[in-house]
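**Q** Dumping the structure here so I can ask a few things about it.
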Amino acid sequence: MIEDIQYVVAGRAFAGVLATPQAEPRGGITVFHGGGGLGDHDRMQCRRLAELGYAAFAPDLFGEPFRDRAHGMAVIGALVADPDRLRERAIAAWRVVADRGLVTAAVGHCFGGLVALELARAGADVSAVASFHGGLATRAPAQPGKVRARILICTGADDPHAPRDARNAIEDELTAAAADWRMLVLGGARHGFTLEGDAYHGAADRRSWRAFRELLDEVMPEVHQSAA
């Protein structure tokens, strides 16, 4: 079942979609959207995860429709420039599943990949986060001992938004923070390799999804092993 619900950030209502499995959910996953906002790809991911036995919630992090590309870039830029505000929204969205008493994970694509990383950097009690072709840089690096989540970064070797120096920088950041992290760099893959379009890369899509399932297997093994 998938339904529209609302969640609250600093007294303001935001929208989202929640997919639940037929049986009692054995875990909860927050699905963070890309720069285009909450859309069909995120709903598909929620349904896909619900079929595996998870309650999956995809929030709208922007809280407003974009008038045009320039408006959208301004909204995204303002959030990226203010990690505290971005993390406040990410944590409020994550609580939709966390407050159900579920073991939780988060995953994001593009802009959402950065949001998933910011959730981990914020020290949320989330078991695992995964970033698919997301931005890696932050203005508020992870602090030693604060990151609780196991982190998976799946990135394309040819992604201009995550070049080698950015990959090296986040390796250094997460290592200094004593975080449990891993990075899958996919040769020939560009930004957006899991999304329909010219950048789609089937092998990278399959390998990153498999890596995400393996990460879930570590933190929620009963769910993964019982799912087809």
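In the structure tokens, each chain is lettered A, B, ... as it comes, each chain's residues begin at 1, and ligands are numbered from 1 in order of appearance.
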Which residues are near A:Val9? Cut-off 12 Å, only C-alpha atoms, ignore same chain within fewer than 4 positions. Put them as a list in words.
**A**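 Within the cut-off, the hits are Ala13, Phe14, Ala15, Pro59, Asp60, Leu61, Phe62, Gly63, Arg85, Leu86, Arg87, Glu88, Arg89, Ala90, Ile91, Ala92, Ala93, Trp94, Arg95 and Val96 of chain A.
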**Q** Determine, counting only C-alpha atoms, which protein, DNA and RNA residues have an atom within 9 Å of an atom of A:Val80; residues of the same chain fewer than 4 positions away are not included. Present the result as a compact mmCIF listing (two decimals) with all heavy atoms, in the first residue's frame.
**A**
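Output contents, as saved in out13.txt:
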# COMPACT_ATOMS: atom_id res chain seq x y z
N VAL A 75 16.84 27.10 -4.54
CA VAL A 75 16.38 26.39 -3.34
C VAL A 75 17.40 25.35 -2.92
O VAL A 75 17.77 25.24 -1.73
CB VAL A 75 15.00 25.74 -3.60
CG1 VAL A 75 14.62 24.82 -2.44
CG2 VAL A 75 13.93 26.80 -3.79
N ILE A 76 17.87 24.57 -3.88
CA ILE A 76 18.85 23.52 -3.57
C ILE A 76 20.14 24.15 -3.05
O ILE A 76 20.72 23.69 -2.05
CB ILE A 76 19.13 22.67 -4.82
CG1 ILE A 76 17.88 21.88 -5.20
CG2 ILE A 76 20.31 21.73 -4.59
CD1 ILE A 76 17.97 21.20 -6.55
N ARG A 85 20.00 23.38 8.41
CA ARG A 85 18.61 23.38 7.94
C ARG A 85 18.33 22.12 7.13
O ARG A 85 17.25 21.52 7.26
CB ARG A 85 18.34 24.63 7.10
CG ARG A 85 16.87 24.78 6.68
CD ARG A 85 16.51 26.23 6.43
NE ARG A 85 17.26 26.78 5.31
CZ ARG A 85 16.72 27.02 4.11
NH1 ARG A 85 15.45 26.78 3.89
NH2 ARG A 85 17.45 27.53 3.15
N LEU A 86 19.28 21.71 6.31
CA LEU A 86 19.11 20.50 5.52
C LEU A 86 19.00 19.28 6.43
O LEU A 86 18.13 18.42 6.24
CB LEU A 86 20.27 20.34 4.55
CG LEU A 86 20.23 19.13 3.61
CD1 LEU A 86 18.95 19.11 2.81
CD2 LEU A 86 21.45 19.12 2.71
N LEU A 114 23.31 13.18 -1.20
CA LEU A 114 23.94 14.11 -0.26
C LEU A 114 23.13 14.20 1.02
O LEU A 114 23.70 14.21 2.13
CB LEU A 114 24.06 15.49 -0.90
CG LEU A 114 24.52 16.62 0.04
CD1 LEU A 114 25.93 16.37 0.54
CD2 LEU A 114 24.42 17.97 -0.65
N VAL A 115 21.81 14.23 0.91
CA VAL A 115 20.96 14.32 2.11
C VAL A 115 21.17 13.10 3.00
O VAL A 115 21.25 13.22 4.23
CB VAL A 115 19.48 14.46 1.71
CG1 VAL A 115 18.60 14.50 2.96
CG2 VAL A 115 19.26 15.72 0.88
N THR A 138 30.58 18.77 1.99
CA THR A 138 29.72 19.40 2.99
C THR A 138 30.46 20.57 3.62
O THR A 138 31.69 20.60 3.64
CB THR A 138 29.31 18.40 4.08
OG1 THR A 138 28.44 19.03 5.02
CG2 THR A 138 30.54 17.87 4.83
N ARG A 139 29.68 21.52 4.15
CA ARG A 139 30.27 22.62 4.90
C ARG A 139 30.41 22.30 6.38
O ARG A 139 30.94 23.10 7.14
CB ARG A 139 29.41 23.88 4.72
CG ARG A 139 29.37 24.38 3.29
CD ARG A 139 28.81 25.77 3.20
NE ARG A 139 28.83 26.27 1.83
CZ ARG A 139 28.60 27.54 1.50
NH1 ARG A 139 28.31 28.43 2.43
NH2 ARG A 139 28.64 27.92 0.23
**Q** Tell me which protein, DNA and RNA residues are within 9 Å of A:Arg47, counting only C-alpha atoms, leaving out same-chain ones fewer than 6 positions away, and put them as a VMD selection string.
**A** chain A and resid 1 to 2 18 to 21 56
**Q** As an mmCIF file with N, CA, C and O atoms, in the first residue's frame, please: every residue in stretch 70-175 of chain A that DSSP puts in alpha helix (DSSP H).
**A**
data_model
loop_
_atom_site.group_PDB
_atom_site.id
_atom_site.type_symbol
_atom_site.label_atom_id
_atom_site.label_comp_id
_atom_site.auth_asym_id
_atom_site.auth_seq_id
_atom_site.Cartn_x
_atom_site.Cartn_y
_atom_site.Cartn_z
ATOM 1 N N ALA A 70 15.854 27.850 -12.562
ATOM 2 C CA ALA A 70 16.607 28.807 -11.750
ATOM 3 C C ALA A 70 16.114 28.820 -10.309
ATOM 4 O O ALA A 70 16.906 28.872 -9.359
ATOM 5 N N HIS A 71 14.789 28.773 -10.144
ATOM 6 C CA HIS A 71 14.217 28.729 -8.806
ATOM 7 C C HIS A 71 14.668 27.466 -8.075
ATOM 8 O O HIS A 71 15.064 27.501 -6.905
ATOM 9 N N GLY A 72 14.617 26.342 -8.786
ATOM 10 C CA GLY A 72 15.026 25.079 -8.183
ATOM 11 C C GLY A 72 16.480 25.090 -7.742
ATOM 12 O O GLY A 72 16.815 24.649 -6.641
ATOM 13 N N MET A 73 17.335 25.612 -8.587
ATOM 14 C CA MET A 73 18.751 25.667 -8.246
ATOM 15 C C MET A 73 18.994 26.572 -7.044
ATOM 16 O O MET A 73 19.850 26.296 -6.208
ATOM 17 N N ALA A 74 18.208 27.640 -6.945
ATOM 18 C CA ALA A 74 18.348 28.547 -5.803
ATOM 19 C C ALA A 74 17.938 27.854 -4.504
ATOM 20 O O ALA A 74 18.608 28.005 -3.472
ATOM 21 N N VAL A 75 16.843 27.105 -4.539
ATOM 22 C CA VAL A 75 16.376 26.394 -3.342
ATOM 23 C C VAL A 75 17.402 25.349 -2.918
ATOM 24 O O VAL A 75 17.772 25.241 -1.733
ATOM 25 N N ILE A 76 17.872 24.569 -3.883
ATOM 26 C CA ILE A 76 18.853 23.521 -3.573
ATOM 27 C C ILE A 76 20.145 24.147 -3.047
ATOM 28 O O ILE A 76 20.715 23.686 -2.048
ATOM 29 N N GLY A 77 20.593 25.205 -3.713
ATOM 30 C CA GLY A 77 21.819 25.859 -3.287
ATOM 31 C C GLY A 77 21.736 26.385 -1.865
ATOM 32 O O GLY A 77 22.695 26.284 -1.092
ATOM 33 N N ALA A 78 20.570 26.932 -1.514
ATOM 34 C CA ALA A 78 20.399 27.468 -0.160
ATOM 35 C C ALA A 78 20.435 26.350 0.881
ATOM 36 O O ALA A 78 20.997 26.523 1.969
ATOM 37 N N LEU A 79 19.864 25.196 0.569
ATOM 38 C CA LEU A 79 19.876 24.077 1.507
ATOM 39 C C LEU A 79 21.284 23.500 1.663
ATOM 40 O O LEU A 79 21.727 23.206 2.777
ATOM 41 N N VAL A 80 21.971 23.345 0.554
ATOM 42 C CA VAL A 80 23.329 22.803 0.612
ATOM 43 C C VAL A 80 24.254 23.733 1.399
ATOM 44 O O VAL A 80 25.145 23.290 2.118
ATOM 45 N N PRO A 83 23.878 23.411 6.112
ATOM 46 C CA PRO A 83 23.732 22.017 6.526
ATOM 47 C C PRO A 83 22.796 21.815 7.710
ATOM 48 O O PRO A 83 22.100 20.793 7.783
ATOM 49 N N ASP A 84 22.738 22.765 8.631
ATOM 50 C CA ASP A 84 21.853 22.603 9.784
ATOM 51 C C ASP A 84 20.389 22.529 9.343
ATOM 52 O O ASP A 84 19.621 21.704 9.854
ATOM 53 N N ARG A 85 20.004 23.384 8.412
ATOM 54 C CA ARG A 85 18.612 23.379 7.943
ATOM 55 C C ARG A 85 18.325 22.121 7.129
ATOM 56 O O ARG A 85 17.251 21.520 7.259
ATOM 57 N N LEU A 86 19.284 21.713 6.306
ATOM 58 C CA LEU A 86 19.107 20.501 5.518
ATOM 59 C C LEU A 86 18.995 19.281 6.434
ATOM 60 O O LEU A 86 18.128 18.421 6.243
ATOM 61 N N ARG A 87 19.825 19.229 7.442
ATOM 62 C CA ARG A 87 19.786 18.097 8.373
ATOM 63 C C ARG A 87 18.509 18.101 9.201
ATOM 64 O O ARG A 87 17.971 17.037 9.533
ATOM 65 N N GLU A 88 18.009 19.272 9.533
ATOM 66 C CA GLU A 88 16.739 19.358 10.259
ATOM 67 C C GLU A 88 15.618 18.711 9.451
ATOM 68 O O GLU A 88 14.804 17.953 9.988
ATOM 69 N N ARG A 89 15.585 18.984 8.158
ATOM 70 C CA ARG A 89 14.555 18.381 7.304
ATOM 71 C C ARG A 89 14.778 16.887 7.151
ATOM 72 O O ARG A 89 13.812 16.091 7.171
ATOM 73 N N ALA A 90 16.033 16.487 6.988
ATOM 74 C CA ALA A 90 16.333 15.070 6.834
ATOM 75 C C ALA A 90 15.942 14.285 8.082
ATOM 76 O O ALA A 90 15.342 13.201 7.996
ATOM 77 N N ILE A 91 16.247 14.822 9.254
ATOM 78 C CA ILE A 91 15.934 14.139 10.503
ATOM 79 C C ILE A 91 14.416 14.056 10.705
ATOM 80 O O ILE A 91 13.887 13.016 11.121
ATOM 81 N N ALA A 92 13.708 15.129 10.395
ATOM 82 C CA ALA A 92 12.247 15.113 10.541
ATOM 83 C C ALA A 92 11.625 14.055 9.644
ATOM 84 O O ALA A 92 10.687 13.350 10.043
ATOM 85 N N ALA A 93 12.140 13.920 8.424
ATOM 86 C CA ALA A 93 11.636 12.898 7.502
ATOM 87 C C ALA A 93 11.980 11.497 7.995
ATOM 88 O O ALA A 93 11.146 10.575 7.953
ATOM 89 N N TRP A 94 13.207 11.318 8.454
ATOM 90 C CA TRP A 94 13.633 10.012 8.961
ATOM 91 C C TRP A 94 12.780 9.568 10.152
ATOM 92 O O TRP A 94 12.492 8.373 10.311
ATOM 93 N N ARG A 95 12.327 10.518 10.961
ATOM 94 C CA ARG A 95 11.538 10.157 12.136
ATOM 95 C C ARG A 95 10.189 9.539 11.770
ATOM 96 O O ARG A 95 9.579 8.842 12.600
ATOM 97 N N VAL A 96 9.731 9.761 10.562
ATOM 98 C CA VAL A 96 8.458 9.148 10.154
ATOM 99 C C VAL A 96 8.536 7.633 10.286
ATOM 100 O O VAL A 96 7.585 6.985 10.742
ATOM 101 N N VAL A 97 9.677 7.046 9.908
ATOM 102 C CA VAL A 97 9.831 5.598 10.086
ATOM 103 C C VAL A 97 10.455 5.265 11.436
ATOM 104 O O VAL A 97 10.097 4.265 12.069
ATOM 105 N N ALA A 98 11.373 6.101 11.919
ATOM 106 C CA ALA A 98 12.036 5.806 13.185
ATOM 107 C C ALA A 98 11.054 5.796 14.345
ATOM 108 O O ALA A 98 11.174 4.974 15.269
ATOM 109 N N PHE A 111 20.810 14.654 -5.435
ATOM 110 C CA PHE A 111 20.702 15.520 -4.256
ATOM 111 C C PHE A 111 20.357 14.699 -3.016
ATOM 112 O O PHE A 111 20.879 14.937 -1.921
ATOM 113 N N GLY A 112 19.495 13.705 -3.193
ATOM 114 C CA GLY A 112 19.112 12.857 -2.069
ATOM 115 C C GLY A 112 20.260 12.050 -1.508
ATOM 116 O O GLY A 112 20.268 11.701 -0.323
ATOM 117 N N GLY A 113 21.245 11.734 -2.362
ATOM 118 C CA GLY A 113 22.425 11.040 -1.863
ATOM 119 C C GLY A 113 23.191 11.893 -0.886
ATOM 120 O O GLY A 113 23.684 11.414 0.144
ATOM 121 N N LEU A 114 23.314 13.178 -1.198
ATOM 122 C CA LEU A 114 23.941 14.108 -0.264
ATOM 123 C C LEU A 114 23.132 14.195 1.019
ATOM 124 O O LEU A 114 23.700 14.211 2.126
ATOM 125 N N VAL A 115 21.811 14.231 0.913
ATOM 126 C CA VAL A 115 20.961 14.320 2.109
ATOM 127 C C VAL A 115 21.169 13.101 3.004
ATOM 128 O O VAL A 115 21.252 13.224 4.234
ATOM 129 N N ALA A 116 21.265 11.920 2.401
ATOM 130 C CA ALA A 116 21.507 10.713 3.195
ATOM 131 C C ALA A 116 22.819 10.822 3.958
ATOM 132 O O ALA A 116 22.908 10.454 5.134
ATOM 133 N N LEU A 117 23.843 11.335 3.310
ATOM 134 C CA LEU A 117 25.125 11.524 3.986
ATOM 135 C C LEU A 117 25.023 12.553 5.102
ATOM 136 O O LEU A 117 25.631 12.394 6.171
ATOM 137 N N GLU A 118 24.246 13.612 4.878
ATOM 138 C CA GLU A 118 24.075 14.631 5.915
ATOM 139 C C GLU A 118 23.314 14.060 7.117
ATOM 140 O O GLU A 118 23.567 14.448 8.264
ATOM 141 N N LEU A 119 22.388 13.155 6.873
ATOM 142 C CA LEU A 119 21.691 12.500 7.978
ATOM 143 C C LEU A 119 22.687 11.733 8.840
ATOM 144 O O LEU A 119 22.618 11.786 10.073
ATOM 145 N N ALA A 120 23.614 11.036 8.198
ATOM 146 C CA ALA A 120 24.640 10.317 8.948
ATOM 147 C C ALA A 120 25.564 11.283 9.675
ATOM 148 O O ALA A 120 25.903 11.082 10.850
ATOM 149 N N ARG A 121 25.987 12.343 8.984
ATOM 150 C CA ARG A 121 26.872 13.330 9.613
ATOM 151 C C ARG A 121 26.224 13.981 10.831
ATOM 152 O O ARG A 121 26.906 14.374 11.772
ATOM 153 N N ARG A 164 37.552 12.796 -8.425
ATOM 154 C CA ARG A 164 38.471 12.046 -7.570
ATOM 155 C C ARG A 164 38.866 12.829 -6.320
ATOM 156 O O ARG A 164 38.958 12.260 -5.226
ATOM 157 N N ASP A 165 39.082 14.121 -6.444
ATOM 158 C CA ASP A 165 39.473 14.882 -5.251
ATOM 159 C C ASP A 165 38.346 14.919 -4.221
ATOM 160 O O ASP A 165 38.600 14.898 -3.009
ATOM 161 N N ALA A 166 37.084 14.942 -4.694
ATOM 162 C CA ALA A 166 35.958 14.900 -3.759
ATOM 163 C C ALA A 166 35.848 13.528 -3.103
ATOM 164 O O ALA A 166 35.521 13.428 -1.912
ATOM 165 N N ARG A 167 36.123 12.488 -3.874
ATOM 166 C CA ARG A 167 36.105 11.141 -3.296
ATOM 167 C C ARG A 167 37.202 10.992 -2.245
ATOM 168 O O ARG A 167 36.987 10.414 -1.171
ATOM 169 N N ASN A 168 38.381 11.502 -2.559
ATOM 170 C CA ASN A 168 39.475 11.441 -1.585
ATOM 171 C C ASN A 168 39.134 12.231 -0.324
ATOM 172 O O ASN A 168 39.450 11.806 0.796
ATOM 173 N N ALA A 169 38.474 13.376 -0.521
ATOM 174 C CA ALA A 169 38.152 14.229 0.628
ATOM 175 C C ALA A 169 37.163 13.546 1.569
ATOM 176 O O ALA A 169 37.315 13.619 2.799
ATOM 177 N N ILE A 170 36.150 12.881 1.014
ATOM 178 C CA ILE A 170 35.184 12.250 1.912
ATOM 179 C C ILE A 170 35.779 11.003 2.546
ATOM 180 O O ILE A 170 35.447 10.657 3.692
ATOM 181 N N GLU A 171 36.679 10.334 1.854
ATOM 182 C CA GLU A 171 37.396 9.229 2.492
ATOM 183 C C GLU A 171 38.142 9.733 3.729
ATOM 184 O O GLU A 171 38.077 9.120 4.804
ATOM 185 N N ASP A 172 38.860 10.836 3.562
ATOM 186 C CA ASP A 172 39.606 11.403 4.683
ATOM 187 C C ASP A 172 38.663 11.845 5.804
ATOM 188 O O ASP A 172 38.952 11.629 6.995
ATOM 189 N N GLU A 173 37.554 12.481 5.413
ATOM 190 C CA GLU A 173 36.595 12.962 6.408
ATOM 191 C C GLU A 173 36.026 11.827 7.237
ATOM 192 O O GLU A 173 36.014 11.883 8.484
ATOM 193 N N LEU A 174 35.538 10.781 6.565
ATOM 194 C CA LEU A 174 34.882 9.694 7.278
ATOM 195 C C LEU A 174 35.879 8.844 8.061
ATOM 196 O O LEU A 174 35.556 8.321 9.139
ATOM 197 N N THR A 175 37.083 8.727 7.551
ATOM 198 C CA THR A 175 38.117 8.001 8.289
ATOM 199 C C THR A 175 38.488 8.755 9.563
ATOM 200 O O THR A 175 38.602 8.162 10.639
#
**Q** Could you give me, as an NGL selection string, the residues within 8 Å of A:Gly16, counting only C-alpha atoms and dropping anything in the same chain fewer than 3 positions from it?
**A** :A and (4-7 or 38 or 57-60)
**Q** In stretch 37-208 of chain A, what's strand (DSSP E) per DSSP? Answer as number ranges by chain?
**A** A: 55-59, 104-109, 128-132, 150-156, 180-186
**Q** Quick one: of A:Arg12, A:His41, A:Arg210, A:His33, who's nearest to A:Glu196, counting only C-alpha atoms?
**A**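 Comparing A:Arg12, A:His41, A:Arg210, A:His33 against A:Glu196, the winner is A:His41.
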